[in-house]
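Take a look at the structure below.
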Amino acid sequence: MAVNLFYMGKGGVGKSTSAALNSLFLARRGLEVLIVSLDPAHNQSDIFANSLSDRPQEIAPHLRAIEVDQEYWIKQYLKDVHRQINRTYSYLTSFNLEKYFKVIKYSPGLEEYALLLAFQEITRKFSAMDFIIFDMAPTALSLKFFNLPSLSLIWINHLRALRQEIIKKREMITKIKLMHKVIETDKVLSRIQESIHEYTALKELFEDPTRTRINLVLNPDLLSFAESMRIVDGLKEIDIALSQVIINKTQCSSSCEHIKMALHDIPIIQAPLSQAPLIGLEALSRFLQENDEMMRQQPLKVF
């Protein structure tokens, strides 16, 4: 199974560039790498100076790239919900309730559900890769993305308990009226059980440090540090550990002691501020060559 490597951080800290650099670094060592942009800003096209899409495109030997179309996956999620409702409650069409399905597209949380759906499809389709690197969305959406399996399980387990109670009441009525128990498959309960299995697997995947590794990218300034600590706390609440901290754009005058003290139990590397724009393979390759020793400090156990 591929190792999923996520890059999170405040906007402007160099999260996308860090993800691009590491994807190229790993690919140049013969590892099969796919970099996926889950950030609606889609900076990877600019960084690689290449027009990317939702179809994998070869960027360099052993390296392919995808930019996820969030609107497409929102539509796919809505279609799936619509299909499940029609399959489970086929009788609703008799009551002309089809028009009320349209309200689902205004439901809160669609973005994170859509990204999770895209993540599932990509990890299934490209499971043979060595690494799948995800350039994540802004902080709030990324934390909701990682939190979604846990929150969904709480909600779905309550639904299961409610459905089981409904089934018991229905069987009691059946016994009174027909004097025997009717054995049947409950479509709603079956779908609930499927969802519990699905979200449990996702939760376990995110909590497994051998398959999910999260790199937090930040700058030495206090605003970046403050938002980064919110990310750390948010991930701790759902039992997801950071794999590495990248203090990006450091200079000789940069003070990083406050970061090292606060995150002393997490591997930290410092990436220097590039004097030239890191745009295009040539510029990225030059930076990697100049900072090879720094890149090898990553706790990936593949070098």
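As shown in the structure tokens, the chain order sets the letters A, B, ...; within each chain, residues go from 1, and ligands are also counted from 1 in the order they appear.
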- [ ] Within 12 Å of Ser253 (chain A), counting only C-alpha atoms, which residues show up once you throw out same-chain ones fewer than 2 positions away? Write them as a VMD selection string, please.
- [x] chain A and resid 220 to 221 249 to 251 255 to 256 272 to 273
Include N, CA, C and O atoms and write out the residues we just selected as a JSON list (two decimals), in the first residue's frame.
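Saved file result-v1.json follows:
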[["chain", "number", "residue", "atom", "x", "y", "z"],
["A", 220, "PRO", "N", 9.03, 31.10, 10.46],
["A", 220, "PRO", "CA", 9.43, 31.48, 11.82],
["A", 220, "PRO", "C", 8.58, 32.57, 12.46],
["A", 220, "PRO", "O", 8.68, 32.79, 13.67],
["A", 221, "ASP", "N", 7.73, 33.26, 11.69],
["A", 221, "ASP", "CA", 6.97, 34.38, 12.26],
["A", 221, "ASP", "C", 5.88, 33.88, 13.21],
["A", 221, "ASP", "O", 5.43, 32.74, 13.15],
["A", 249, "LYS", "N", 11.58, 28.78, 4.70],
["A", 249, "LYS", "CA", 12.01, 30.15, 4.41],
["A", 249, "LYS", "C", 12.85, 30.76, 5.54],
["A", 249, "LYS", "O", 12.71, 31.94, 5.87],
["A", 250, "THR", "N", 13.70, 29.93, 6.14],
["A", 250, "THR", "CA", 14.54, 30.44, 7.22],
["A", 250, "THR", "C", 15.75, 31.20, 6.66],
["A", 250, "THR", "O", 16.24, 30.90, 5.57],
["A", 251, "GLN", "N", 16.22, 32.18, 7.41],
["A", 251, "GLN", "CA", 17.41, 32.95, 7.08],
["A", 251, "GLN", "C", 18.35, 32.96, 8.29],
["A", 251, "GLN", "O", 17.99, 32.48, 9.37],
["A", 255, "SER", "N", 14.86, 33.33, 14.06],
["A", 255, "SER", "CA", 14.88, 32.67, 15.37],
["A", 255, "SER", "C", 13.80, 31.59, 15.38],
["A", 255, "SER", "O", 12.62, 31.88, 15.19],
["A", 256, "CYS", "N", 14.22, 30.35, 15.60],
["A", 256, "CYS", "CA", 13.29, 29.21, 15.56],
["A", 256, "CYS", "C", 13.17, 28.52, 16.91],
["A", 256, "CYS", "O", 12.56, 27.45, 16.99],
["A", 272, "PRO", "N", 15.92, 26.54, 3.96],
["A", 272, "PRO", "CA", 16.33, 27.94, 3.76],
["A", 272, "PRO", "C", 15.44, 28.66, 2.74],
["A", 272, "PRO", "O", 14.83, 28.03, 1.87],
["A", 273, "LEU", "N", 15.39, 29.96, 2.89],
["A", 273, "LEU", "CA", 14.70, 30.79, 1.91],
["A", 273, "LEU", "C", 15.46, 30.76, 0.60],
["A", 273, "LEU", "O", 16.67, 31.01, 0.55]]
Open item on the list: Give me the residues near region 188-195 of chain A as a PyMOL selection string, where near means some atom within 9 Å (using only C-alpha atoms) and where sequence neighbours in that chain fewer than 5 positions away do not count.
Closed with: chain A and resi 84+88-89+152-153+156-157+159-160+163-164+200
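Residue nearest Ile240 (chain A) within the list A:Phe6, A:Trp155, A:Tyr72, A:Phe25: A:Phe6 [criterion: smallest interatomic distance, only C-alpha atoms].
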Open item on the list: Residues near Phe131 (chain A), anyone? I mean within 8 Å using only C-alpha atoms, not counting same-chain ones fewer than 2 positions away, as a PyMOL selection string.
Closed with: chain A and resi 2-5+31-34+129+133
Open item on the list: With DSSP run on the backbone, what are the strand (DSSP E or B) residues within region 115-183 of chain A? I'd like them as a list of chain:residue names.
Closed with: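 Strand (DSSP E or B) assignments inside region 115-183 of chain A correspond to A:Phe131, A:Ile132, A:Ile133, A:Phe134, A:Asp135.
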I need the chosen residues saved as a compact mmCIF listing (two decimals), in the first residue's frame, with all heavy atoms.
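Wrote again.txt, looks like this:
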# COMPACT_ATOMS: atom_id res chain seq x y z
N PHE A 131 4.60 6.44 -2.79
CA PHE A 131 4.12 7.59 -2.02
C PHE A 131 3.05 8.33 -2.81
O PHE A 131 3.18 8.53 -4.02
CB PHE A 131 5.25 8.58 -1.70
CG PHE A 131 6.20 8.10 -0.64
CD1 PHE A 131 7.36 7.43 -0.99
CD2 PHE A 131 5.94 8.32 0.70
CE1 PHE A 131 8.25 6.99 -0.03
CE2 PHE A 131 6.82 7.88 1.67
CZ PHE A 131 7.97 7.22 1.31
N ILE A 132 1.97 8.72 -2.09
CA ILE A 132 1.01 9.67 -2.64
C ILE A 132 1.10 10.91 -1.76
O ILE A 132 0.83 10.86 -0.55
CB ILE A 132 -0.43 9.12 -2.64
CG1 ILE A 132 -0.49 7.80 -3.40
CG2 ILE A 132 -1.38 10.14 -3.27
CD1 ILE A 132 -1.88 7.16 -3.42
N ILE A 133 1.52 12.01 -2.36
CA ILE A 133 1.74 13.25 -1.61
C ILE A 133 0.56 14.19 -1.85
O ILE A 133 0.22 14.49 -2.99
CB ILE A 133 3.06 13.91 -2.04
CG1 ILE A 133 4.24 13.02 -1.63
CG2 ILE A 133 3.20 15.31 -1.44
CD1 ILE A 133 5.60 13.57 -2.01
N PHE A 134 -0.07 14.62 -0.76
CA PHE A 134 -1.25 15.47 -0.84
C PHE A 134 -0.91 16.89 -0.40
O PHE A 134 -0.51 17.12 0.75
CB PHE A 134 -2.38 14.91 0.03
CG PHE A 134 -2.94 13.61 -0.46
CD1 PHE A 134 -2.43 12.40 0.01
CD2 PHE A 134 -3.95 13.58 -1.41
CE1 PHE A 134 -2.93 11.20 -0.44
CE2 PHE A 134 -4.47 12.38 -1.87
CZ PHE A 134 -3.95 11.18 -1.39
N ASP A 135 -1.07 17.83 -1.32
CA ASP A 135 -0.96 19.25 -1.03
C ASP A 135 -2.34 19.68 -0.54
O ASP A 135 -3.29 19.78 -1.32
CB ASP A 135 -0.56 20.01 -2.30
CG ASP A 135 -0.47 21.51 -2.09
OD1 ASP A 135 -0.45 21.95 -0.93
OD2 ASP A 135 -0.41 22.23 -3.11
TODO: Step one, run DSSP on the backbone; step two, keep only residues of region 153-231 of chain A assigned to alpha helix (DSSP H); then write them as number ranges by chain.
DONE: A: 153-178, 187-207, 222-231
Open item on the list: Under the rule that only C-alpha atoms are counted, which of A:Thr210, A:Gln76, A:Ser23, A:Gln298 is the nearest residue to Ile269 (chain A)?
Closed with: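 Comparing A:Thr210, A:Gln76, A:Ser23, A:Gln298 against Ile269 (chain A), the winner is A:Gln298.
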- [ ] Select, from A:Glu237, A:Met8, A:Leu117, A:Leu278, the residue with the minimum atom-to-atom distance to Lys79 (chain A), counting only C-alpha atoms.
- [x]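 Closest candidate: A:Leu117.
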TODO: Within 12 Å of Ser274 (chain A), counting only C-alpha atoms, which residues show up once you throw out same-chain ones fewer than 2 positions away? Write them as a ChimeraX atom specification, please.
DONE: /A:14,17-18,248-251,271-272,276-279,283-284,286-288,290-291
